[in-house]
>>> print(open('start.tsv').read())   # TSV, C-alpha atoms
chain	number	residue	atom	x	y	z
A	1	MET	CA	186.81	146.94	-59.18
A	2	SER	CA	187.96	143.35	-59.18
A	3	LYS	CA	185.46	140.87	-57.77
A	4	ALA	CA	188.27	138.45	-56.86
A	5	PRO	CA	189.41	138.24	-53.22
A	6	ILE	CA	192.52	140.28	-52.43
A	7	SER	CA	194.41	137.08	-51.55
A	8	GLU	CA	193.71	135.75	-55.03
A	9	VAL	CA	194.86	139.00	-56.59
A	10	VAL	CA	198.09	138.86	-54.56
A	11	ASN	CA	198.71	135.26	-55.62
A	12	ASN	CA	198.18	136.14	-59.27
A	13	VAL	CA	200.52	139.12	-59.04
A	14	PHE	CA	203.14	137.00	-57.29
A	15	ARG	CA	202.80	134.23	-59.89
A	16	ASP	CA	203.11	136.69	-62.77
A	17	THR	CA	206.17	138.29	-61.14
A	18	VAL	CA	207.88	134.92	-60.80
A	19	GLU	CA	207.09	134.09	-64.43
A	20	ASN	CA	208.58	137.42	-65.56
A	21	TRP	CA	211.74	136.71	-63.54
A	22	LYS	CA	212.02	133.34	-65.26
A	23	LYS	CA	211.60	134.96	-68.68
A	24	GLU	CA	214.37	137.36	-67.74
A	25	GLY	CA	216.64	134.36	-67.25
A	26	LEU	CA	216.84	134.34	-63.47
A	27	SER	CA	217.74	130.99	-61.98
A	28	ASP	CA	215.58	129.29	-59.41
A	29	GLU	CA	218.19	130.03	-56.77
A	30	ARG	CA	218.18	133.74	-57.63
A	31	ILE	CA	214.38	133.85	-57.62
A	32	ILE	CA	214.32	132.24	-54.16
A	33	GLU	CA	216.83	134.82	-52.94
A	34	LYS	CA	214.63	137.68	-54.19
A	35	ILE	CA	211.54	136.15	-52.63
A	36	GLU	CA	213.29	135.77	-49.26
A	37	LYS	CA	214.11	139.48	-49.25
A	38	VAL	CA	210.46	140.48	-49.72
A	39	ASN	CA	208.69	141.81	-46.59
A	40	PHE	CA	205.31	140.23	-47.23
A	41	GLU	CA	203.66	142.03	-44.29
A	42	ASP	CA	204.56	145.42	-45.79
A	43	VAL	CA	203.42	144.24	-49.21
A	44	MET	CA	200.08	143.07	-47.87
A	45	PHE	CA	199.46	146.32	-45.99
A	46	SER	CA	200.38	148.30	-49.09
A	47	ILE	CA	198.04	146.24	-51.28
A	48	ALA	CA	195.22	146.46	-48.72
A	49	ASP	CA	195.65	150.24	-48.53
A	50	THR	CA	195.58	150.58	-52.30
A	51	ALA	CA	192.64	148.19	-52.66
A	52	SER	CA	190.57	149.99	-50.00
A	53	SER	CA	191.18	153.30	-51.78
A	54	ASP	CA	190.06	151.69	-55.05
A	55	TYR	CA	186.96	150.28	-53.36
A	56	THR	CA	186.10	153.66	-51.84
A	57	THR	CA	186.46	155.37	-55.23
A	58	PHE	CA	184.37	152.70	-56.92
A	59	PHE	CA	181.49	152.96	-54.45
A	60	ARG	CA	181.63	156.76	-54.46
A	61	ASP	CA	181.31	156.72	-58.26
A	62	LYS	CA	178.55	154.09	-58.21
A	63	MET	CA	176.58	155.09	-55.09
A	64	TYR	CA	173.66	156.64	-57.00
A	65	GLU	CA	173.37	153.61	-59.24
A	66	ILE	CA	173.49	151.37	-56.16
A	67	GLU	CA	170.86	153.49	-54.41
A	68	LEU	CA	168.52	153.42	-57.43
A	69	ASP	CA	168.90	149.65	-57.67
A	70	GLU	CA	168.11	149.23	-53.98
A	71	ARG	CA	165.16	151.59	-54.27
A	72	ALA	CA	163.78	149.47	-57.12
A	73	LYS	CA	164.13	146.36	-54.95
A	74	SER	CA	162.37	148.15	-52.09
A	75	LYS	CA	159.47	149.18	-54.35
A	76	GLU	CA	159.18	145.61	-55.56
A	77	PHE	CA	159.07	144.41	-51.97
A	78	SER	CA	156.48	147.04	-51.01
A	79	ALA	CA	154.22	145.85	-53.83
A	80	HIS	CA	154.65	142.27	-52.61
A	81	GLN	CA	153.97	143.33	-49.01
A	82	GLU	CA	150.80	145.18	-49.97
A	83	GLN	CA	149.63	142.18	-51.94
A	84	LEU	CA	149.97	139.96	-48.87
A	85	TRP	CA	149.05	142.31	-46.03
A	86	GLY	CA	147.32	145.25	-47.74
A	87	LYS	CA	143.88	144.81	-46.16
A	88	CYS	CA	145.51	144.34	-42.76
A	89	PHE	CA	147.48	147.56	-43.08
A	90	ALA	CA	144.29	149.34	-44.09
A	91	ALA	CA	142.66	148.09	-40.88
A	92	SER	CA	145.55	149.39	-38.76
A	93	GLN	CA	145.53	152.74	-40.55
A	94	THR	CA	141.81	153.02	-39.84
A	95	MET	CA	142.35	152.35	-36.14
A	96	TYR	CA	144.93	155.13	-36.04
A	97	VAL	CA	142.42	157.55	-37.59
A	98	LEU	CA	139.72	156.40	-35.16
A	99	ALA	CA	141.95	156.99	-32.13
A	100	VAL	CA	143.17	160.41	-33.29
A	101	GLU	CA	139.72	161.70	-34.26
A	102	ALA	CA	138.18	160.35	-31.04
A	103	ALA	CA	140.85	162.15	-28.98
A	104	ASP	CA	140.26	165.37	-30.89
A	105	ASN	CA	136.48	165.20	-30.33
A	106	TYR	CA	136.99	164.30	-26.67
A	107	CYS	CA	139.29	167.25	-26.03
A	108	ASN	CA	136.92	169.65	-27.78
A	109	TYR	CA	134.06	168.35	-25.65
A	110	ILE	CA	136.01	168.79	-22.41
A	111	ASP	CA	137.14	172.25	-23.43
A	112	LYS	CA	133.54	173.37	-24.03
A	113	ASN	CA	131.62	171.45	-21.37
A	114	ALA	CA	133.82	170.75	-18.33
A	115	SER	CA	133.67	173.40	-15.63
A	116	ALA	CA	136.70	175.48	-14.74
A	117	GLU	CA	136.77	173.76	-11.35
A	118	GLU	CA	136.80	170.28	-12.91
A	119	LYS	CA	139.56	171.26	-15.31
A	120	GLU	CA	141.70	172.67	-12.53
A	121	GLN	CA	141.09	169.66	-10.31
A	122	HIS	CA	142.43	167.28	-13.00
A	123	LYS	CA	144.76	169.69	-14.75
A	124	PHE	CA	147.98	167.69	-14.68
A	125	THR	CA	146.36	164.27	-14.97
A	126	PHE	CA	144.55	165.38	-18.12
A	127	LEU	CA	147.73	166.98	-19.45
A	128	ALA	CA	149.82	163.86	-18.86
A	129	LEU	CA	147.29	161.42	-20.30
A	130	HIS	CA	146.62	163.68	-23.27
A	131	HIS	CA	150.31	163.72	-24.18
A	132	ILE	CA	150.72	160.00	-23.49
A	133	HIS	CA	147.78	159.24	-25.75
A	134	GLY	CA	149.20	161.46	-28.47
A	135	ARG	CA	152.56	159.75	-28.21
A	136	ALA	CA	150.83	156.36	-28.28
A	137	CYS	CA	149.06	157.27	-31.52
A	138	GLN	CA	152.38	158.28	-33.07
A	139	VAL	CA	154.16	155.10	-31.93
A	140	PHE	CA	151.24	153.04	-33.24
A	141	LEU	CA	151.71	154.70	-36.63
A	142	GLU	CA	155.47	154.03	-36.46
A	143	VAL	CA	154.70	150.35	-35.88
A	144	LEU	CA	152.41	150.31	-38.90
A	145	TYR	CA	154.98	151.94	-41.17
A	146	LEU	CA	157.68	149.53	-40.03
A	147	LEU	CA	155.36	146.61	-40.80
A	148	ARG	CA	154.66	148.05	-44.25
A	149	LEU	CA	158.42	148.21	-44.83
A	150	GLY	CA	158.89	144.63	-43.61
A	151	PHE	CA	160.68	145.24	-40.30
A	152	ALA	CA	158.68	143.14	-37.85
A	153	ASP	CA	161.38	143.04	-35.16
A	154	CYS	CA	161.77	146.80	-35.16
A	155	ALA	CA	157.98	147.16	-35.03
A	156	TYR	CA	157.85	144.83	-32.04
A	157	SER	CA	160.55	146.88	-30.37
A	158	ARG	CA	158.40	149.99	-30.83
A	159	TRP	CA	155.40	148.13	-29.34
A	160	ARG	CA	157.58	147.81	-26.25
A	161	CYS	CA	157.31	151.59	-25.91
A	162	LEU	CA	153.50	151.38	-26.21
A	163	TYR	CA	153.38	148.80	-23.44
A	164	GLU	CA	155.47	151.04	-21.19
A	165	LEU	CA	153.25	154.03	-21.97
A	166	ASN	CA	150.23	151.92	-21.08
A	167	CYS	CA	151.69	151.14	-17.64
A	168	VAL	CA	152.72	154.76	-17.05
A	169	ALA	CA	149.24	156.00	-18.00
A	170	TYR	CA	147.59	153.47	-15.69
A	171	PHE	CA	149.87	154.44	-12.80
A	172	ILE	CA	149.28	158.17	-13.25
A	173	LYS	CA	145.52	157.84	-13.50
A	174	SER	CA	145.24	155.56	-10.48
A	175	GLN	CA	147.54	157.73	-8.33
A	176	GLY	CA	146.02	161.09	-9.17
A	177	GLU	CA	146.94	164.71	-9.61
A	178	GLN	CA	150.10	165.00	-7.51
A	179	ILE	CA	151.86	162.16	-9.29
A	180	ALA	CA	150.74	163.54	-12.65
A	181	LYS	CA	152.15	166.93	-11.68
A	182	GLN	CA	155.47	165.36	-10.73
A	183	PHE	CA	155.51	163.44	-14.01
A	184	TYR	CA	155.10	166.68	-15.95
A	185	GLU	CA	157.61	168.62	-13.85
A	186	GLN	CA	160.27	165.95	-14.28
A	187	SER	CA	159.91	166.36	-18.05
A	188	GLN	CA	161.45	169.80	-17.60
A	189	THR	CA	164.64	168.23	-16.20
A	190	GLU	CA	167.30	165.81	-17.47
A	191	ASN	CA	166.44	163.22	-14.83
A	192	GLN	CA	165.23	159.92	-16.29
A	193	PHE	CA	164.73	157.98	-13.08
A	194	TYR	CA	161.41	157.29	-11.35
A	195	LEU	CA	161.55	160.23	-8.95
A	196	TRP	CA	158.19	161.36	-10.31
A	197	THR	CA	156.54	158.41	-8.55
A	198	LYS	CA	157.55	159.66	-5.09
A	199	GLY	CA	154.60	159.71	-2.70
A	200	ALA	CA	152.62	157.03	-4.54
A	201	VAL	CA	150.67	154.58	-2.39
A	202	ASP	CA	149.01	151.22	-2.93
A	203	ASP	CA	145.29	150.51	-2.49
A	204	LYS	CA	145.86	150.13	1.27
A	205	GLY	CA	147.59	153.46	1.63
A	206	ARG	CA	151.09	152.04	2.01
A	207	LYS	CA	153.93	153.94	0.37
A	208	LEU	CA	155.25	152.47	-2.85
A	209	SER	CA	158.90	152.27	-3.85
A	210	ILE	CA	159.12	152.54	-7.63
A	211	ASN	CA	162.73	152.41	-8.81
A	212	SER	CA	162.38	150.68	-12.17
A	213	PHE	CA	159.89	149.86	-14.87
A	214	GLY	CA	159.66	146.39	-13.35
A	215	ASP	CA	158.29	147.93	-10.15
A	216	LEU	CA	155.82	149.99	-12.16
A	217	GLU	CA	154.69	147.01	-14.21
A	218	LYS	CA	154.18	144.94	-11.05
A	219	TYR	CA	151.93	147.67	-9.63
A	220	CYS	CA	149.87	147.74	-12.82
A	221	ASN	CA	149.42	143.95	-12.64
A	222	MET	CA	149.20	143.50	-16.42
A	223	GLY	CA	149.45	139.74	-16.07
A	224	GLU	CA	152.10	137.12	-16.76
A	225	ILE	CA	151.23	136.78	-20.45
A	226	TRP	CA	151.88	140.45	-21.15
A	227	HIS	CA	154.99	140.39	-18.97
A	228	GLU	CA	156.38	137.55	-21.09
A	229	GLN	CA	155.55	139.43	-24.29
A	230	TYR	CA	157.31	142.49	-22.93
A	231	LYS	CA	160.38	140.41	-22.04
A	232	LEU	CA	160.41	139.07	-25.60
A	233	ALA	CA	160.24	142.60	-26.97
A	234	CYS	CA	163.18	143.55	-24.73
A	235	LYS	CA	165.18	140.65	-26.16
A	236	VAL	CA	164.38	141.83	-29.68
A	237	THR	CA	165.41	145.37	-28.76
A	238	HIS	CA	168.72	144.50	-27.11
A	239	GLY	CA	171.69	142.42	-28.24
A	240	SER	CA	170.46	139.22	-26.60
A	241	PRO	CA	171.04	135.67	-27.93
A	242	GLN	CA	167.27	135.19	-28.31
A	243	GLY	CA	166.85	138.50	-30.08
A	244	THR	CA	169.61	137.45	-32.45
A	245	PHE	CA	168.74	133.84	-33.22
A	246	LYS	CA	164.96	134.01	-32.72
A	247	ARG	CA	164.01	137.20	-34.48
A	248	MET	CA	160.40	137.56	-35.54
A	249	ALA	CA	161.41	137.79	-39.19
A	250	ILE	CA	163.07	134.34	-39.07
A	251	ARG	CA	160.85	131.51	-40.25
A	252	GLU	CA	161.35	128.25	-38.37
A	253	THR	CA	161.13	126.28	-41.61
A	254	ARG	CA	164.00	128.18	-43.27
A	255	ASP	CA	167.68	128.33	-42.45
A	256	GLN	CA	168.20	131.98	-43.37
A	257	ILE	CA	169.60	135.11	-41.74
A	258	PRO	CA	167.41	138.15	-42.53
A	259	VAL	CA	169.50	141.19	-43.41
A	260	GLY	CA	166.74	143.47	-44.64
A	261	GLN	CA	163.03	143.57	-45.37
A	262	SER	CA	160.90	140.52	-44.64
A	263	ASP	CA	157.21	139.69	-45.08
A	264	TYR	CA	157.23	137.40	-42.03
A	265	GLY	CA	156.40	138.03	-38.36
A	266	ILE	CA	153.92	140.83	-39.06
A	267	ALA	CA	150.83	139.76	-37.10
A	268	VAL	CA	152.09	139.85	-33.49
A	269	PRO	CA	153.36	143.47	-33.36
A	270	ALA	CA	150.26	144.61	-35.27
A	271	GLU	CA	147.92	142.92	-32.77
A	272	HIS	CA	149.83	144.01	-29.68
A	273	SER	CA	150.04	147.64	-30.76
A	274	ALA	CA	146.29	147.72	-31.43
A	275	ILE	CA	145.51	146.32	-27.96
A	276	SER	CA	147.86	148.79	-26.27
A	277	LEU	CA	146.42	151.77	-28.12
A	278	HIS	CA	142.92	150.70	-27.11
A	279	LEU	CA	143.92	150.40	-23.43
A	280	ILE	CA	145.65	153.79	-23.40
A	281	SER	CA	142.63	155.36	-25.09
A	282	ALA	CA	140.39	153.84	-22.43
A	283	LEU	CA	142.45	155.44	-19.65
A	284	PHE	CA	142.31	158.82	-21.33
A	285	PHE	CA	138.69	158.91	-22.56
A	286	THR	CA	137.24	157.96	-19.16
A	287	MET	CA	138.76	160.83	-17.22
A	288	PHE	CA	135.56	162.90	-17.56
A	289	PRO	CA	131.99	161.69	-18.10
A	290	TYR	CA	131.60	161.52	-21.87
A	291	VAL	CA	128.96	159.35	-23.56
A	292	ASP	CA	130.57	159.56	-26.99
A	293	GLY	CA	133.79	158.37	-25.39
A	294	VAL	CA	132.10	155.11	-24.43
A	295	VAL	CA	131.08	154.65	-28.04
A	296	TYR	CA	134.60	155.40	-29.26
A	297	LEU	CA	136.08	152.88	-26.83
A	298	LYS	CA	133.63	150.14	-27.79
A	299	THR	CA	134.39	150.83	-31.45
A	300	LEU	CA	138.13	150.68	-30.85
A	301	GLY	CA	137.66	147.44	-28.90
A	302	LYS	CA	135.72	145.86	-31.74
A	303	TRP	CA	138.30	147.17	-34.18
A	304	VAL	CA	141.02	145.33	-32.26
A	305	GLU	CA	139.08	142.15	-33.01
A	306	VAL	CA	138.92	143.12	-36.70
A	307	ILE	CA	142.69	143.58	-36.74
A	308	GLN	CA	143.30	140.28	-34.95
A	309	ASP	CA	141.09	138.40	-37.39
A	310	MET	CA	142.61	140.01	-40.48
A	311	TYR	CA	146.25	139.63	-39.55
A	312	TYR	CA	146.08	136.09	-38.20
A	313	SER	CA	143.86	134.77	-40.98
A	314	THR	CA	146.25	136.30	-43.51
A	315	GLU	CA	149.26	134.83	-41.71
A	316	LYS	CA	147.61	131.39	-41.68
A	317	GLU	CA	146.77	131.67	-45.37
A	318	VAL	CA	150.16	132.95	-46.52
A	319	PHE	CA	152.39	130.97	-44.16
A	320	PRO	CA	150.63	127.67	-43.43
A	321	LYS	CA	152.38	125.63	-40.78
A	322	LYS	CA	153.76	122.26	-41.72
A	323	GLN	CA	151.63	119.37	-40.56
>>> encode(input="start.tsv", output="structure tokens")
Amino acid sequence: MSKAPISEVVNNVFRDTVENWKKEGLSDERIIEKIEKVNFEDVMFSIADTASSDYTTFFRDKMYEIELDERAKSKEFSAHQEQLWGKCFAASQTMYVLAVEAADNYCNYIDKNASAEEKEQHKFTFLALHHIHGRACQVFLEVLYLLRLGFADCAYSRWRCLYELNCVAYFIKSQGEQIAKQFYEQSQTENQFYLWTKGAVDDKGRKLSINSFGDLEKYCNMGEIWHEQYKLACKVTHGSPQGTFKRMAIRETRDQIPVGQSDYGIAVPAEHSAISLHLISALFFTMFPYVDGVVYLKTLGKWVEVIQDMYYSTEKEVFPKKQ
């Protein structure tokens, strides 16, 4: 496959054709006449069609070589990423294990020690929070794997899901069994609106109107800082100007457009996902009296601090800001 632009190829072909006509003894006037009869639009479409077929054949023949080359580059990047962030990733992986094992122990305890009456009284609330916590653990792991691969913006977009799960879990736990039941029952339908919140009330007993995540977030009162972080994650997720020109993987000191893996922007999604997983765990583990649950939560809370220290100290060491 020629590496030259098609326009250059066309010019070369045209030049060679004219030279051949001259060698054949055609006068300049005759050459001009022949050129004027050429439908250049048809010629260009014909050349483009032929060239695209050649390109397709070339890449079909070379796709395994291309894939192996890209895989080698990816492995090289992964080694580089582990060298920079390896201890941080180990800390996040450990938090995932802590959260999963704590949930498993908690559920086993409830199964063996909670009375049938207690279980029935909180049946749907426990069911909803159990599934939300499980989903949160999985999303947390997705964030970690995306950070390992060097996709900070995608990881931050997945944290957005964790933040939403945190608000949903808070709302369900504070509202009680009927709302939890409606949340579960709506999962059996195709409806994605907030009908499951119908009947919810505020702390003064006034009916709430929840028609969007914004309404739900306002009820949860997560604070302006987290609201701004969520808005930033939304920009990263959608096709916004900010999410395009101010991606997490873009370093302010470099005029580059990331098109693949990057070792930059790792700390924020790692920290945020750890905090969200801790908060969701706290909502779940405090449903029933459970002493070990208090220990698990304190451990997870301290582990958030470990993660914050590791990621931000590494970021400061690897990417020192210009004075």
>>> closest_atom_pairs(input="start.tsv", of="segment 157-274 of chain A", to="segment 60-78 of chain A", cutoff="10 Å", atoms="all atoms listed in the file", output="tab-separated table")
residue	atom	partner	partner_atom	distance
A:Gly260	CA	A:Ser74	CA	9.8
A:Gln261	CA	A:Phe77	CA	7.7
A:Ser262	CA	A:Phe77	CA	8.5
A:Asp263	CA	A:Phe77	CA	8.6
>>> closest_atom_pairs(input="start.tsv", of="segment 222-312 of chain A", to="segment 167-183 of chain A", cutoff="10 Å", atoms="only C-alpha atoms", output="tab-separated table")
residue	atom	partner	partner_atom	distance
A:Met222	CA	A:Cys167	CA	8.1
A:Ser276	CA	A:Cys167	CA	9.7
A:Leu279	CA	A:Tyr170	CA	9.1
A:Ile280	CA	A:Ala169	CA	6.9
A:Ser281	CA	A:Ala169	CA	9.7
A:Ala282	CA	A:Tyr170	CA	9.9
A:Leu283	CA	A:Tyr170	CA	6.8
A:Phe284	CA	A:Ala169	CA	8.2
A:Met287	CA	A:Lys173	CA	8.3
>>> axis_aligned_box(input="start.tsv", around="segment 57-63 of chain A", padding_each_side="8 Å", output="lines of an AutoDock Vina configuration file")
center_x = 181.5
center_y = 154.7
center_z = -56.4
size_x = 25.9
size_y = 20.1
size_z = 19.8
>>> residues_around(input="start.tsv", residues="Met95 of chain A", least_positions_apart="6", cutoff="10 Å", atoms="all atoms listed in the file", output="list in words")
Phe89, Glu101, Cys137, Phe140, Leu141, Ala274, Leu277, His278, Thr299, Leu300, Gly301, Trp303, Val304, Val306 and Ile307 of chain A
>>> write_last_selection(input="start.tsv", atoms="C-alpha atoms", output="compact mmCIF listing (two decimals), in the coordinates of the input")
# COMPACT_ATOMS: atom_id res chain seq x y z
CA PHE A 89 147.48 147.56 -43.08
CA GLU A 101 139.72 161.70 -34.26
CA CYS A 137 149.06 157.27 -31.52
CA PHE A 140 151.24 153.04 -33.24
CA LEU A 141 151.71 154.70 -36.63
CA ALA A 274 146.29 147.72 -31.43
CA LEU A 277 146.42 151.77 -28.12
CA HIS A 278 142.92 150.70 -27.11
CA THR A 299 134.39 150.83 -31.45
CA LEU A 300 138.13 150.68 -30.85
CA GLY A 301 137.66 147.44 -28.90
CA TRP A 303 138.30 147.17 -34.18
CA VAL A 304 141.02 145.33 -32.26
CA VAL A 306 138.92 143.12 -36.70
CA ILE A 307 142.69 143.58 -36.74
>>> closest_residue(input="start.tsv", among="A:His238, A:Tyr156, A:His80, A:Phe288", to="Gln121 of chain A", atoms="only C-alpha atoms")
A:Phe288
>>> closest_residue(input="start.tsv", among="A:Asn105, A:Ser157, A:Ser92, A:Ser240", to="Ile275 of chain A", atoms="only C-alpha atoms")
A:Ser92
>>> residues_around(input="start.tsv", residues="Ala103 of chain A", least_positions_apart="5", cutoff="9 Å", atoms="all atoms listed in the file", output="JSON, numbers by chain")
{"A": [98, 108, 130, 133, 134, 281, 284, 285, 293]}
>>> atom_distance(input="start.tsv", atom1="atom CA of Glu8 of chain A", atom2="atom CA of Asp42 of chain A")
17.2 Å
>>> closest_residue(input="start.tsv", among="A:Trp85, A:Phe126, A:Phe58, A:Tyr290", to="Asn113 of chain A", atoms="all atoms listed in the file")
A:Tyr290
>>> closest_residue(input="start.tsv", among="A:Phe213, A:Tyr296, A:Tyr311, A:Tyr106", to="Arg160 of chain A", atoms="all atoms listed in the file")
A:Phe213
>>> closest_residue(input="start.tsv", among="A:Ser115, A:Tyr194, A:Lys204, A:Ala267", to="Lys316 of chain A", atoms="all atoms listed in the file")
A:Ala267
>>> closest_residue(input="start.tsv", among="A:Trp159, A:Tyr145, A:Phe193, A:Phe319", to="Glu271 of chain A", atoms="all atoms listed in the file")
A:Trp159
>>> residues_around(input="start.tsv", residues="Ala155 of chain A", least_positions_apart="2", cutoff="6 Å", atoms="only C-alpha atoms", output="ChimeraX atom specification")
/A:143,146,152-153,157-158
>>> residues_around(input="start.tsv", residues="Gln242 of chain A", least_positions_apart="6", cutoff="12 Å", atoms="only C-alpha atoms", output="VMD selection string")
chain A and resid 153 231 to 236 248 250
>>> atom_distance(input="start.tsv", atom1="atom CA of Val38 of chain A", atom2="atom CA of Leu26 of chain A")
16.4 Å
>>> atom_distance(input="start.tsv", atom1="atom CA of Gly86 of chain A", atom2="atom CA of Arg148 of chain A")
8.6 Å
>>> build_atoms(input="start.tsv", residues="segment 146-154 of chain A", atoms="all heavy atoms", output="PDB file, in the coordinates of the input")
ATOM      1  N   LEU A 146     156.616 150.533 -40.068  1.00  0.00           N
ATOM      2  CA  LEU A 146     157.680 149.530 -40.030  1.00  0.00           C
ATOM      3  C   LEU A 146     157.192 148.192 -40.556  1.00  0.00           C
ATOM      4  O   LEU A 146     157.932 147.468 -41.234  1.00  0.00           O
ATOM      5  CB  LEU A 146     158.196 149.386 -38.593  1.00  0.00           C
ATOM      6  CG  LEU A 146     159.043 150.562 -38.089  1.00  0.00           C
ATOM      7  CD1 LEU A 146     159.218 150.480 -36.574  1.00  0.00           C
ATOM      8  CD2 LEU A 146     160.407 150.587 -38.775  1.00  0.00           C
ATOM      9  N   LEU A 147     155.937 147.854 -40.271  1.00  0.00           N
ATOM     10  CA  LEU A 147     155.360 146.610 -40.800  1.00  0.00           C
ATOM     11  C   LEU A 147     155.190 146.704 -42.308  1.00  0.00           C
ATOM     12  O   LEU A 147     155.436 145.727 -43.026  1.00  0.00           O
ATOM     13  CB  LEU A 147     154.019 146.326 -40.126  1.00  0.00           C
ATOM     14  CG  LEU A 147     154.080 146.012 -38.628  1.00  0.00           C
ATOM     15  CD1 LEU A 147     152.679 145.804 -38.068  1.00  0.00           C
ATOM     16  CD2 LEU A 147     154.939 144.783 -38.364  1.00  0.00           C
ATOM     17  N   ARG A 148     154.773 147.853 -42.794  1.00  0.00           N
ATOM     18  CA  ARG A 148     154.660 148.050 -44.250  1.00  0.00           C
ATOM     19  C   ARG A 148     156.023 147.848 -44.926  1.00  0.00           C
ATOM     20  O   ARG A 148     156.110 147.293 -46.022  1.00  0.00           O
ATOM     21  CB  ARG A 148     154.151 149.458 -44.561  1.00  0.00           C
ATOM     22  CG  ARG A 148     152.678 149.698 -44.280  1.00  0.00           C
ATOM     23  CD  ARG A 148     152.299 151.116 -44.710  1.00  0.00           C
ATOM     24  NE  ARG A 148     150.942 151.464 -44.386  1.00  0.00           N
ATOM     25  CZ  ARG A 148     149.872 151.172 -45.140  1.00  0.00           C
ATOM     26  NH1 ARG A 148     150.035 150.511 -46.269  1.00  0.00           N
ATOM     27  NH2 ARG A 148     148.660 151.539 -44.759  1.00  0.00           N
ATOM     28  N   LEU A 149     157.071 148.304 -44.262  1.00  0.00           N
ATOM     29  CA  LEU A 149     158.420 148.210 -44.830  1.00  0.00           C
ATOM     30  C   LEU A 149     159.034 146.820 -44.636  1.00  0.00           C
ATOM     31  O   LEU A 149     160.093 146.523 -45.187  1.00  0.00           O
ATOM     32  CB  LEU A 149     159.325 149.257 -44.193  1.00  0.00           C
ATOM     33  CG  LEU A 149     159.033 150.705 -44.568  1.00  0.00           C
ATOM     34  CD1 LEU A 149     159.854 151.659 -43.701  1.00  0.00           C
ATOM     35  CD2 LEU A 149     159.334 150.954 -46.042  1.00  0.00           C
ATOM     36  N   GLY A 150     158.385 145.985 -43.806  1.00  0.00           N
ATOM     37  CA  GLY A 150     158.890 144.630 -43.610  1.00  0.00           C
ATOM     38  C   GLY A 150     159.892 144.484 -42.487  1.00  0.00           C
ATOM     39  O   GLY A 150     160.770 143.621 -42.532  1.00  0.00           O
ATOM     40  N   PHE A 151     159.770 145.318 -41.439  1.00  0.00           N
ATOM     41  CA  PHE A 151     160.680 145.240 -40.300  1.00  0.00           C
ATOM     42  C   PHE A 151     159.887 144.877 -39.039  1.00  0.00           C
ATOM     43  O   PHE A 151     159.622 145.712 -38.172  1.00  0.00           O
ATOM     44  CB  PHE A 151     161.413 146.564 -40.122  1.00  0.00           C
ATOM     45  CG  PHE A 151     162.288 146.930 -41.281  1.00  0.00           C
ATOM     46  CD1 PHE A 151     162.024 148.056 -42.043  1.00  0.00           C
ATOM     47  CD2 PHE A 151     163.368 146.142 -41.623  1.00  0.00           C
ATOM     48  CE1 PHE A 151     162.830 148.389 -43.117  1.00  0.00           C
ATOM     49  CE2 PHE A 151     164.185 146.458 -42.701  1.00  0.00           C
ATOM     50  CZ  PHE A 151     163.916 147.593 -43.446  1.00  0.00           C
ATOM     51  N   ALA A 152     159.521 143.609 -38.950  1.00  0.00           N
ATOM     52  CA  ALA A 152     158.680 143.140 -37.850  1.00  0.00           C
ATOM     53  C   ALA A 152     159.378 143.268 -36.488  1.00  0.00           C
ATOM     54  O   ALA A 152     158.752 143.628 -35.490  1.00  0.00           O
ATOM     55  CB  ALA A 152     158.263 141.690 -38.086  1.00  0.00           C
ATOM     56  N   ASP A 153     160.666 142.973 -36.438  1.00  0.00           N
ATOM     57  CA  ASP A 153     161.380 143.040 -35.160  1.00  0.00           C
ATOM     58  C   ASP A 153     161.459 144.465 -34.648  1.00  0.00           C
ATOM     59  O   ASP A 153     161.266 144.721 -33.457  1.00  0.00           O
ATOM     60  CB  ASP A 153     162.788 142.463 -35.330  1.00  0.00           C
ATOM     61  CG  ASP A 153     162.763 140.971 -35.613  1.00  0.00           C
ATOM     62  OD1 ASP A 153     162.608 140.201 -34.653  1.00  0.00           O
ATOM     63  OD2 ASP A 153     162.874 140.582 -36.779  1.00  0.00           O
ATOM     64  N   CYS A 154     161.727 145.388 -35.543  1.00  0.00           N
ATOM     65  CA  CYS A 154     161.770 146.800 -35.160  1.00  0.00           C
ATOM     66  C   CYS A 154     160.389 147.278 -34.716  1.00  0.00           C
ATOM     67  O   CYS A 154     160.257 148.048 -33.764  1.00  0.00           O
ATOM     68  CB  CYS A 154     162.285 147.647 -36.321  1.00  0.00           C
ATOM     69  SG  CYS A 154     162.788 149.307 -35.860  1.00  0.00           S
TER      70      CYS A 154
END
